[in-house]
Each structure stands twice: as structure tokens, then as C-alpha cells.
file start24.cif (mmCIF, C-alpha atoms and all ligand atoms)
data_target
#
loop_
_atom_site.group_PDB
_atom_site.id
_atom_site.type_symbol
_atom_site.label_atom_id
_atom_site.label_comp_id
_atom_site.auth_asym_id
_atom_site.auth_seq_id
_atom_site.Cartn_x
_atom_site.Cartn_y
_atom_site.Cartn_z
ATOM 1 C CA MET K 8 -2.273 12.749 7.730
ATOM 2 C CA GLN K 9 -4.405 10.102 9.395
ATOM 3 C CA PHE K 10 -5.566 6.906 7.721
ATOM 4 C CA ASN K 11 -9.301 6.532 8.396
ATOM 5 C CA ARG K 12 -10.506 3.547 6.442
ATOM 6 C CA LEU K 13 -9.206 0.765 4.263
ATOM 7 C CA ARG K 14 -11.646 -0.903 1.897
ATOM 8 C CA LEU K 15 -10.799 -4.125 0.105
ATOM 9 C CA ASN K 16 -12.631 -5.937 -2.645
ATOM 10 C CA GLY K 17 -11.235 -9.061 -4.277
ATOM 11 C CA PHE K 18 -7.778 -8.359 -2.815
ATOM 12 C CA LYS K 19 -6.059 -11.645 -1.909
ATOM 13 C CA SER K 20 -8.194 -13.492 0.672
ATOM 14 C CA PHE K 21 -10.620 -10.533 1.011
ATOM 15 C CA VAL K 22 -12.942 -11.699 -1.759
ATOM 16 C CA ASP K 23 -16.013 -10.016 -0.270
ATOM 17 C CA PRO K 24 -16.032 -6.234 0.183
ATOM 18 C CA THR K 25 -14.381 -5.458 3.526
ATOM 19 C CA ASP K 26 -14.323 -2.104 5.260
ATOM 20 C CA LEU K 27 -11.675 -1.653 7.962
ATOM 21 C CA ILE K 28 -12.193 1.392 10.167
ATOM 22 C CA ILE K 29 -8.825 2.654 11.393
ATOM 23 C CA SER K 30 -9.697 4.520 14.580
ATOM 24 C CA PRO K 31 -7.104 6.550 16.471
ATOM 25 C CA GLY K 32 -5.388 4.244 18.962
ATOM 26 C CA LEU K 33 -5.618 1.093 16.876
ATOM 27 C CA THR K 34 -2.508 -0.822 17.883
ATOM 28 C CA GLY K 35 -2.987 -4.326 16.661
ATOM 29 C CA VAL K 36 -4.836 -6.795 14.506
ATOM 30 C CA VAL K 37 -5.127 -10.298 15.896
ATOM 31 C CA GLY K 38 -6.472 -13.494 14.428
ATOM 32 C CA PRO K 39 -5.638 -17.108 13.681
ATOM 33 C CA ASN K 40 -2.905 -18.099 11.225
ATOM 34 C CA GLY K 41 -3.917 -17.481 7.639
ATOM 35 C CA CYS K 42 -6.865 -15.174 8.449
ATOM 36 C CA GLY K 43 -5.390 -12.295 6.425
ATOM 37 C CA LYS K 44 -3.425 -10.072 8.850
ATOM 38 C CA SER K 45 -0.391 -9.823 6.576
ATOM 39 C CA ASN K 46 -2.686 -9.383 3.561
ATOM 40 C CA LEU K 47 -4.077 -6.254 5.248
ATOM 41 C CA LEU K 48 -0.591 -4.742 5.571
ATOM 42 C CA GLU K 49 0.135 -5.697 1.983
ATOM 43 C CA ALA K 50 -3.064 -3.924 0.916
ATOM 44 C CA LEU K 51 -1.729 -0.780 2.622
ATOM 45 C CA ARG K 52 1.600 -1.084 0.795
ATOM 46 C CA TRP K 53 -0.170 -1.786 -2.479
ATOM 47 C CA ILE K 54 -2.448 1.257 -2.311
ATOM 48 C CA MET K 55 0.633 3.403 -1.600
ATOM 49 C CA GLY K 56 2.050 2.351 -4.967
ATOM 50 C CA GLU K 57 4.101 -0.783 -4.314
ATOM 51 C CA ASN K 58 5.033 -2.195 -7.706
ATOM 52 C CA ARG K 59 7.161 -5.200 -6.798
ATOM 53 C CA PRO K 60 5.078 -8.409 -6.812
ATOM 54 C CA THR K 61 7.637 -10.022 -4.480
ATOM 55 C CA ALA K 62 6.729 -7.445 -1.798
ATOM 56 C CA MET K 63 3.198 -8.852 -2.104
ATOM 57 C CA ARG K 64 4.510 -12.422 -1.810
ATOM 58 C CA GLY K 65 3.545 -13.036 -5.435
ATOM 59 C CA ALA K 66 5.217 -13.853 -8.750
ATOM 60 C CA GLY K 67 3.206 -11.306 -10.734
ATOM 61 C CA MET K 68 1.092 -8.363 -9.617
ATOM 62 C CA GLU K 69 -2.115 -10.136 -10.700
ATOM 63 C CA ASP K 70 -1.484 -12.583 -7.870
ATOM 64 C CA VAL K 71 -3.104 -10.030 -5.537
ATOM 65 C CA ILE K 72 -6.460 -10.804 -7.198
ATOM 66 C CA PHE K 73 -8.546 -13.391 -5.339
ATOM 67 C CA ALA K 74 -7.464 -16.649 -6.949
ATOM 68 C CA GLY K 75 -10.547 -18.742 -6.073
ATOM 69 C CA THR K 76 -11.122 -21.697 -3.791
ATOM 70 C CA THR K 77 -12.872 -25.039 -4.236
ATOM 71 C CA SER K 78 -16.189 -23.313 -3.482
ATOM 72 C CA ARG K 79 -15.685 -19.866 -5.060
ATOM 73 C CA GLY K 80 -14.474 -18.804 -8.469
ATOM 74 C CA ALA K 81 -11.516 -16.504 -9.029
ATOM 75 C CA ARG K 82 -12.155 -12.777 -9.446
ATOM 76 C CA HIS K 83 -11.165 -10.655 -12.439
ATOM 77 C CA PHE K 84 -10.159 -7.610 -10.499
ATOM 78 C CA ALA K 85 -9.015 -6.437 -7.084
ATOM 79 C CA GLU K 86 -9.596 -3.010 -5.629
ATOM 80 C CA VAL K 87 -8.252 -1.290 -2.518
ATOM 81 C CA ALA K 88 -9.351 2.128 -1.303
ATOM 82 C CA LEU K 89 -7.659 4.167 1.412
ATOM 83 C CA ILE K 90 -9.487 7.074 2.972
ATOM 84 C CA ILE K 91 -7.226 9.678 4.535
ATOM 85 C CA ASP K 92 -7.983 12.647 6.745
ATOM 86 C CA ASN K 93 -6.262 15.604 5.080
ATOM 87 C CA SER K 94 -7.740 18.320 7.296
ATOM 88 C CA ASP K 95 -4.195 19.435 8.207
ATOM 89 C CA ARG K 96 -3.617 19.900 4.438
ATOM 90 C CA VAL K 97 -0.264 18.169 4.265
ATOM 91 C CA ALA K 98 -0.947 16.502 0.908
ATOM 92 C CA PRO K 99 1.094 17.861 -2.011
ATOM 93 C CA ALA K 100 -0.279 20.531 -4.358
ATOM 94 C CA GLY K 101 -2.936 19.150 -6.637
ATOM 95 C CA PHE K 102 -4.370 16.909 -3.912
ATOM 96 C CA ASN K 103 -4.916 19.583 -1.342
ATOM 97 C CA ASP K 104 -8.372 20.842 -2.188
ATOM 98 C CA SER K 105 -10.320 18.698 0.261
ATOM 99 C CA ASP K 106 -10.336 17.512 3.878
ATOM 100 C CA THR K 107 -10.605 13.880 2.857
ATOM 101 C CA LEU K 108 -8.644 11.982 0.239
ATOM 102 C CA GLU K 109 -9.947 8.748 -1.210
ATOM 103 C CA ILE K 110 -7.218 6.874 -3.049
ATOM 104 C CA ILE K 111 -8.302 3.886 -5.111
ATOM 105 C CA ARG K 112 -6.122 1.354 -6.877
ATOM 106 C CA ARG K 113 -7.685 -1.276 -9.059
ATOM 107 C CA ILE K 114 -6.000 -4.092 -10.927
ATOM 108 C CA THR K 115 -7.780 -6.008 -13.664
ATOM 109 C CA ARG K 116 -6.447 -9.218 -15.164
ATOM 110 C CA ASP K 117 -4.536 -8.436 -18.382
ATOM 111 C CA ALA K 118 -5.096 -4.688 -17.927
ATOM 112 C CA GLY K 119 -2.778 -3.756 -15.051
ATOM 113 C CA SER K 120 -3.326 -1.153 -12.331
ATOM 114 C CA ALA K 121 -5.183 2.146 -12.401
ATOM 115 C CA TYR K 122 -5.252 4.789 -9.652
ATOM 116 C CA LYS K 123 -7.764 7.442 -8.717
ATOM 117 C CA VAL K 124 -7.657 10.194 -6.106
ATOM 118 C CA ASN K 125 -11.069 11.634 -5.234
ATOM 119 C CA GLY K 126 -12.481 10.231 -8.456
ATOM 120 C CA ARG K 127 -9.771 11.676 -10.704
ATOM 121 C CA GLU K 128 -7.416 9.352 -12.570
ATOM 122 C CA VAL K 129 -3.794 9.805 -11.557
ATOM 123 C CA ARG K 130 -0.480 8.085 -12.256
ATOM 124 C CA ALA K 131 1.189 5.581 -9.928
ATOM 125 C CA ARG K 132 3.964 8.132 -9.486
ATOM 126 C CA ASP K 133 1.509 10.754 -8.193
ATOM 127 C CA VAL K 134 0.306 8.382 -5.490
ATOM 128 C CA GLN K 135 3.867 7.333 -4.594
ATOM 129 C CA MET K 136 4.905 10.975 -4.252
ATOM 130 C CA LEU K 137 1.861 11.815 -2.168
ATOM 131 C CA PHE K 138 2.962 9.275 0.421
ATOM 132 C CA ALA K 139 6.705 9.915 0.086
ATOM 133 C CA ASP K 140 6.154 13.562 1.000
ATOM 134 C CA ALA K 141 4.145 12.499 4.044
ATOM 135 C CA SER K 142 7.057 10.303 5.258
ATOM 136 C CA THR K 143 5.150 7.141 4.594
ATOM 137 C CA GLY K 144 4.698 4.934 1.560
ATOM 138 C CA ALA K 145 5.182 1.452 0.218
ATOM 139 C CA HIS K 146 8.819 1.411 1.381
ATOM 140 C CA SER K 147 8.212 3.305 4.585
ATOM 141 C CA PRO K 148 10.109 2.180 7.684
ATOM 142 C CA ALA K 149 6.746 2.378 9.451
ATOM 143 C CA LEU K 150 5.859 -0.928 7.786
ATOM 144 C CA VAL K 151 8.243 -3.542 9.113
ATOM 145 C CA ARG K 152 8.382 -6.854 7.313
ATOM 146 C CA GLN K 153 9.355 -10.071 9.033
ATOM 147 C CA GLY K 154 13.154 -10.310 9.122
ATOM 148 C CA GLN K 155 13.584 -6.633 8.317
ATOM 149 C CA ILE K 156 15.149 -5.696 11.668
ATOM 150 C CA SER K 157 18.054 -8.107 11.216
ATOM 151 C CA GLU K 158 18.416 -6.933 7.581
ATOM 152 C CA LEU K 159 18.777 -3.375 8.866
ATOM 153 C CA ILE K 160 21.391 -4.319 11.443
ATOM 154 C CA ASN K 161 23.447 -6.068 8.754
ATOM 155 C CA ALA K 162 22.843 -3.398 6.081
ATOM 156 C CA ARG K 163 25.562 -1.288 4.457
ATOM 157 C CA PRO K 164 25.625 2.384 5.564
ATOM 158 C CA LYS K 165 24.140 3.557 2.235
ATOM 159 C CA ALA K 166 21.087 1.321 2.600
ATOM 160 C CA ARG K 167 20.649 2.373 6.230
ATOM 161 C CA ARG K 168 20.842 6.009 5.182
ATOM 162 C CA ARG K 169 17.940 5.483 2.747
ATOM 163 C CA VAL K 170 15.788 4.332 5.666
ATOM 164 C CA LEU K 171 16.690 7.459 7.655
ATOM 165 C CA GLU K 172 15.924 9.683 4.657
ATOM 166 C CA GLU K 173 12.542 8.057 4.208
ATOM 167 C CA ALA K 174 11.818 8.657 7.918
ATOM 168 C CA ALA K 175 12.920 12.290 7.571
ATOM 169 C CA GLY K 176 10.467 12.767 4.688
ATOM 170 C CA ILE K 177 13.067 13.818 2.114
ATOM 171 C CA SER K 178 12.995 10.769 -0.172
ATOM 172 C CA GLY K 179 10.340 12.492 -2.345
ATOM 173 C CA LEU K 180 12.848 15.288 -2.978
ATOM 174 C CA TYR K 181 15.502 12.805 -4.107
ATOM 175 C CA GLN K 182 13.051 11.193 -6.500
ATOM 176 C CA ARG K 183 12.182 14.593 -7.991
ATOM 177 C CA ARG K 184 15.878 15.492 -8.385
ATOM 178 C CA HIS K 185 16.564 12.142 -10.045
ATOM 179 C CA GLU K 186 13.696 12.753 -12.499
ATOM 180 C CA ALA K 187 14.905 16.318 -13.171
ATOM 181 C CA GLU K 188 18.405 15.006 -13.937
ATOM 182 C CA LEU K 189 17.001 12.546 -16.470
ATOM 183 C CA LYS K 190 15.203 15.321 -18.365
HETATM 184 P P1 LIG N 1 -0.053 -15.683 9.993
HETATM 185 O O1 LIG N 1 -0.616 -15.525 11.386
HETATM 186 O O2 LIG N 1 0.320 -17.092 9.703
HETATM 187 O O3 LIG N 1 1.024 -14.694 9.657
HETATM 188 P P2 LIG N 1 -1.916 -14.075 8.428
HETATM 189 O O4 LIG N 1 -3.129 -13.712 9.217
HETATM 190 O O5 LIG N 1 -0.864 -13.050 8.266
HETATM 191 O O6 LIG N 1 -1.306 -15.444 8.983
HETATM 192 P P3 LIG N 1 -2.078 -13.975 5.588
HETATM 193 O O7 LIG N 1 -0.699 -14.395 5.199
HETATM 194 O O8 LIG N 1 -2.429 -12.541 5.514
HETATM 195 O O9 LIG N 1 -2.428 -14.572 7.011
HETATM 196 O O10 LIG N 1 -3.163 -14.736 4.714
HETATM 197 C C1 LIG N 1 -2.845 -15.923 4.077
HETATM 198 C C2 LIG N 1 -4.091 -16.423 3.391
HETATM 199 O O11 LIG N 1 -4.413 -15.604 2.274
HETATM 200 C C3 LIG N 1 -3.826 -17.844 2.858
HETATM 201 O O12 LIG N 1 -4.925 -18.639 3.239
HETATM 202 C C4 LIG N 1 -3.777 -17.661 1.377
HETATM 203 O O13 LIG N 1 -4.300 -18.751 0.694
HETATM 204 C C5 LIG N 1 -4.687 -16.456 1.180
HETATM 205 N N1 LIG N 1 -4.395 -15.772 -0.074
HETATM 206 C C6 LIG N 1 -3.275 -15.080 -0.418
HETATM 207 N N2 LIG N 1 -3.351 -14.620 -1.677
HETATM 208 C C7 LIG N 1 -4.563 -15.039 -2.141
HETATM 209 C C8 LIG N 1 -5.240 -14.891 -3.390
HETATM 210 N N3 LIG N 1 -4.706 -14.223 -4.420
HETATM 211 N N4 LIG N 1 -6.456 -15.460 -3.503
HETATM 212 C C9 LIG N 1 -7.015 -16.130 -2.480
HETATM 213 N N5 LIG N 1 -6.447 -16.298 -1.293
HETATM 214 C C10 LIG N 1 -5.223 -15.771 -1.126
HETATM 215 MG MG MG N 2 1.149 -12.968 8.693
#

call {"tool": "encode", "arguments": {"input": "start24.cif", "output": "C-alpha cells", "more": "lines below"}}
Ligand code: ATP
Ligand code: MG
result
Amino acid sequence: MQFNRLRLNGFKSFVDPTDLIISPGLTGVVGPNGCGKSNLLEALRWIMGENRPTAMRGAGMEDVIFAGTTSRGARHFAEVALIIDNSDRVAPAGFNDSDTLEIIRRITRDAGSAYKVNGREVRARDVQMLFADASTGAHSPALVRQGQISELINARPKARRRVLEEAAGISGLYQRRHEAELK
């Protein structure tokens, strides 16, 4: 599963539509302080189903919507799209009928988030599972927050184990078992 493109519209500082091509070999994003590097990573987490506003450095999820500046008004919605190469067909059943997956998450003020995969409305859970099965996702160890390394070193064994399970790609199975036990 290869991420090909990330499109942002009204997400945090990316008020104008922005199309980021993720070519193989991309190893870094550089730019001056405050230009939006961390916002890009947060957009990746958000499209993978992150539902904790604090992980987006906000108080509420609507804080990801462009809040306006002295010269530009605030926006009413934010949208992020992630285009994935699925030619190796590793996506879970139900998403595996095409070589490319376009996942879109849109949040509208007072109306919350909605997700689509290739134009079809899906639940947040479906998107979270799609990435959990591919050993990535909003809580993936591939996305390292500032301070996270020292957190890991000081973590209790149980918390450290969760990180290893996520890396091994089995956290989706745990989530399914947990849901089955609740039924
Ligand atoms: P650094 O090098 O300091 O880590 P960075 O490139 O990671 O900087 P970000 O933290 O991604 O920068 O971007 C911060 C900018 O995004 C700030 O200018 C902040 O005002 C802006 N920003 C964050 N949320 C919003 C929002 N909802 N609306 C408008 N601007 C926002
Ligand atoms: Mg930053």
C-alpha cells in the first residue's frame, strides 16, 4: 500500500486547495517555522480516522477547519483526501475492487465528519480498520510525535506491547475481537 497523493482544502493553515504528490523516495518536508509541516502530518492522521482533537493540537475537532486570519474569513468545512495505490490488493474486503483508493474525510461546522472511499459513504470505523490491517493508521508507530520516543522508553510493558502489535499489523484483529465480545 503506497500513499500517492494528499489533497487538503480548508484544513488548518491549508485554506487553498493543496495537492501534495507523495513520490517514492520522499524523505522529508522542510520549511520555515509555522509553514504547516506538522499540519501535513496531522492531515495524514486525520484522514486515517483520528478522533481525538488533542492529537490535532485542538480543543474540538472543528479546530481543524481554517479559522481565518485578518485578511481571510474562516471556512465552514475542511476536507482531506488520500489517494492510495492498492495494486497489490492489500486493502480489506469491500475496498479491494480497484487499483486506486481515494479516501475522503470532510468535516463541516456543526455537522461533524463524513468519510467516503471511492465515492461511497463509509463509517469512520471502516477507514480505521482499513489502515489498521495495513499496519498503519492514526496511532501507527510510523508517525512519531515530538516527545514520543522518551514516552516509549518510560512506558509500561503493556503500552509498549500495543506499539509492537500495531507494527505487526494485528491491532485490527484485537479491535474486531473486542467488538465481537460486546455483541
Ligand atoms: P515548526 O517548524 O515550528 O514545527 P510547522 O511547519 O510544523 O512549524 P505547523 O505547526 O504545521 O508549522 O503550522 C502552524 C501554523 O498553522 C500556525 O501559523 C497556525 O496559526 C496555523 N494553523 C493551525 N490551525 C489553524 C486553523 N484552524 N486555521 C488557520 N491556521 C491554523
Ligand atoms: Mg512542526

call {"tool": "residues_near_ligand", "arguments": {"input": "start24.cif", "ligand": "ligand MG 2 (chain N)", "cutoff": "10 Å", "atoms": "only C-alpha atoms and all ligand atoms", "output": "PyMOL selection string"}}
result
chain K and resi 37-49+152-153

call {"tool": "write_last_selection", "arguments": {"input": "start24.cif", "atoms": "C-alpha atoms", "output": "mmCIF file, keeping the file's coordinate frame"}}
result
data_model
loop_
_atom_site.group_PDB
_atom_site.id
_atom_site.type_symbol
_atom_site.label_atom_id
_atom_site.label_comp_id
_atom_site.auth_asym_id
_atom_site.auth_seq_id
_atom_site.Cartn_x
_atom_site.Cartn_y
_atom_site.Cartn_z
ATOM 1 C CA VAL K 37 -5.127 -10.298 15.896
ATOM 2 C CA GLY K 38 -6.472 -13.494 14.428
ATOM 3 C CA PRO K 39 -5.638 -17.108 13.681
ATOM 4 C CA ASN K 40 -2.905 -18.099 11.225
ATOM 5 C CA GLY K 41 -3.917 -17.481 7.639
ATOM 6 C CA CYS K 42 -6.865 -15.174 8.449
ATOM 7 C CA GLY K 43 -5.390 -12.295 6.425
ATOM 8 C CA LYS K 44 -3.425 -10.072 8.850
ATOM 9 C CA SER K 45 -0.391 -9.823 6.576
ATOM 10 C CA ASN K 46 -2.686 -9.383 3.561
ATOM 11 C CA LEU K 47 -4.077 -6.254 5.248
ATOM 12 C CA LEU K 48 -0.591 -4.742 5.571
ATOM 13 C CA GLU K 49 0.135 -5.697 1.983
ATOM 14 C CA ARG K 152 8.382 -6.854 7.313
ATOM 15 C CA GLN K 153 9.355 -10.071 9.033
#

call {"tool": "residues_around", "arguments": {"input": "start24.cif", "residues": "stretch 59-71 of chain K", "least_positions_apart": "5", "cutoff": "12 Å", "atoms": "only C-alpha atoms", "output": "ChimeraX atom specification"}}
result
/K:15-22,45-54,81-87,112-120,145-146,150-153

call {"tool": "atom_distance", "arguments": {"input": "start24.cif", "atom1": "atom CA of K:Met8", "atom2": "atom CA of K:Arg183"}}
result
21.4 Å

call {"tool": "residues_around", "arguments": {"input": "start24.cif", "residues": "K:Arg127", "least_positions_apart": "3", "cutoff": "12 Å", "atoms": "all atoms listed in the file", "output": "list of chain:residue names"}}
result
K:Gly101, K:Phe102, K:Leu108, K:Glu109, K:Ile110, K:Ile111, K:Arg112, K:Ala121, K:Tyr122, K:Lys123, K:Val124, K:Arg130, K:Asp133, K:Val134

call {"tool": "atom_distance", "arguments": {"input": "start24.cif", "atom1": "atom CA of K:Gly80", "atom2": "atom O6 of ligand LIG 1 (chain N)"}}
result
22.1 Å

call {"tool": "residues_around", "arguments": {"input": "start24.cif", "residues": "K:Gly176", "least_positions_apart": "2", "cutoff": "6 Å", "atoms": "only C-alpha atoms", "output": "PyMOL selection string"}}
result
chain K and resi 140+142+173-174+178

call {"tool": "write_last_selection", "arguments": {"input": "start24.cif", "atoms": "C-alpha atoms", "output": "mmCIF file, keeping the file's coordinate frame"}}
result
data_model
loop_
_atom_site.group_PDB
_atom_site.id
_atom_site.type_symbol
_atom_site.label_atom_id
_atom_site.label_comp_id
_atom_site.auth_asym_id
_atom_site.auth_seq_id
_atom_site.Cartn_x
_atom_site.Cartn_y
_atom_site.Cartn_z
ATOM 1 C CA ASP K 140 6.154 13.562 1.000
ATOM 2 C CA SER K 142 7.057 10.303 5.258
ATOM 3 C CA GLU K 173 12.542 8.057 4.208
ATOM 4 C CA ALA K 174 11.818 8.657 7.918
ATOM 5 C CA SER K 178 12.995 10.769 -0.172
#

call {"tool": "closest_residue", "arguments": {"input": "start24.cif", "among": "K:Arg79, K:Pro31, K:Asp26, K:Glu57", "to": "ligand LIG 1 (chain N)", "atoms": "all atoms listed in the file"}}
result
K:Arg79

call {"tool": "closest_residue", "arguments": {"input": "start24.cif", "among": "K:Arg12, K:Leu89, K:Glu186, K:Asn58", "to": "K:Leu33", "atoms": "only C-alpha atoms"}}
result
K:Arg12

call {"tool": "closest_residue", "arguments": {"input": "start24.cif", "among": "K:Asp23, K:Asp95, K:Glu172, K:Asp106", "to": "ligand LIG 1 (chain N)", "atoms": "only C-alpha atoms and all ligand atoms"}}
result
K:Asp23

call {"tool": "closest_residue", "arguments": {"input": "start24.cif", "among": "K:Ser78, K:Ser30, K:Arg14, K:Gly56", "to": "ligand LIG 1 (chain N)", "atoms": "only C-alpha atoms and all ligand atoms"}}
result
K:Ser78

call {"tool": "build_atoms", "arguments": {"input": "start24.cif", "residues": "stretch 23-38 of chain K", "atoms": "N, CA and C atoms", "output": "short mmCIF file (atom, residue, chain, number, x, y, z; two decimals), in the frame of the given file"}}
result
data_model
loop_
_atom_site.label_atom_id
_atom_site.label_comp_id
_atom_site.auth_asym_id
_atom_site.auth_seq_id
_atom_site.Cartn_x
_atom_site.Cartn_y
_atom_site.Cartn_z
N ASP K 23 -14.81 -10.84 -0.47
CA ASP K 23 -16.01 -10.02 -0.27
C ASP K 23 -15.60 -8.62 0.17
N PRO K 24 -16.38 -7.60 -0.22
CA PRO K 24 -16.03 -6.23 0.18
C PRO K 24 -15.85 -6.13 1.70
N THR K 25 -14.73 -5.57 2.11
CA THR K 25 -14.38 -5.46 3.53
C THR K 25 -14.02 -4.01 3.82
N ASP K 26 -14.55 -3.50 4.91
CA ASP K 26 -14.32 -2.10 5.26
C ASP K 26 -13.66 -2.07 6.64
N LEU K 27 -12.41 -1.69 6.69
CA LEU K 27 -11.68 -1.65 7.96
C LEU K 27 -11.62 -0.21 8.45
N ILE K 28 -12.23 0.05 9.59
CA ILE K 28 -12.19 1.39 10.17
C ILE K 28 -10.91 1.50 10.99
N ILE K 29 -10.09 2.48 10.66
CA ILE K 29 -8.82 2.65 11.39
C ILE K 29 -9.01 3.81 12.38
N SER K 30 -9.45 3.48 13.58
CA SER K 30 -9.70 4.52 14.58
C SER K 30 -8.40 4.92 15.24
N PRO K 31 -8.31 6.16 15.74
CA PRO K 31 -7.10 6.55 16.47
C PRO K 31 -6.89 5.58 17.64
N GLY K 32 -5.67 5.16 17.86
CA GLY K 32 -5.39 4.24 18.96
C GLY K 32 -5.36 2.78 18.57
N LEU K 33 -5.71 2.49 17.33
CA LEU K 33 -5.62 1.09 16.88
C LEU K 33 -4.16 0.64 16.96
N THR K 34 -3.91 -0.40 17.72
CA THR K 34 -2.51 -0.82 17.88
C THR K 34 -2.24 -2.24 17.40
N GLY K 35 -3.27 -2.96 17.08
CA GLY K 35 -2.99 -4.33 16.66
C GLY K 35 -4.15 -4.97 15.96
N VAL K 36 -3.82 -5.97 15.16
CA VAL K 36 -4.84 -6.80 14.51
C VAL K 36 -4.49 -8.23 14.88
N VAL K 37 -5.42 -8.93 15.49
CA VAL K 37 -5.13 -10.30 15.90
C VAL K 37 -6.06 -11.26 15.18
N GLY K 38 -5.64 -12.49 15.07
CA GLY K 38 -6.47 -13.49 14.43
C GLY K 38 -5.66 -14.74 14.17
#
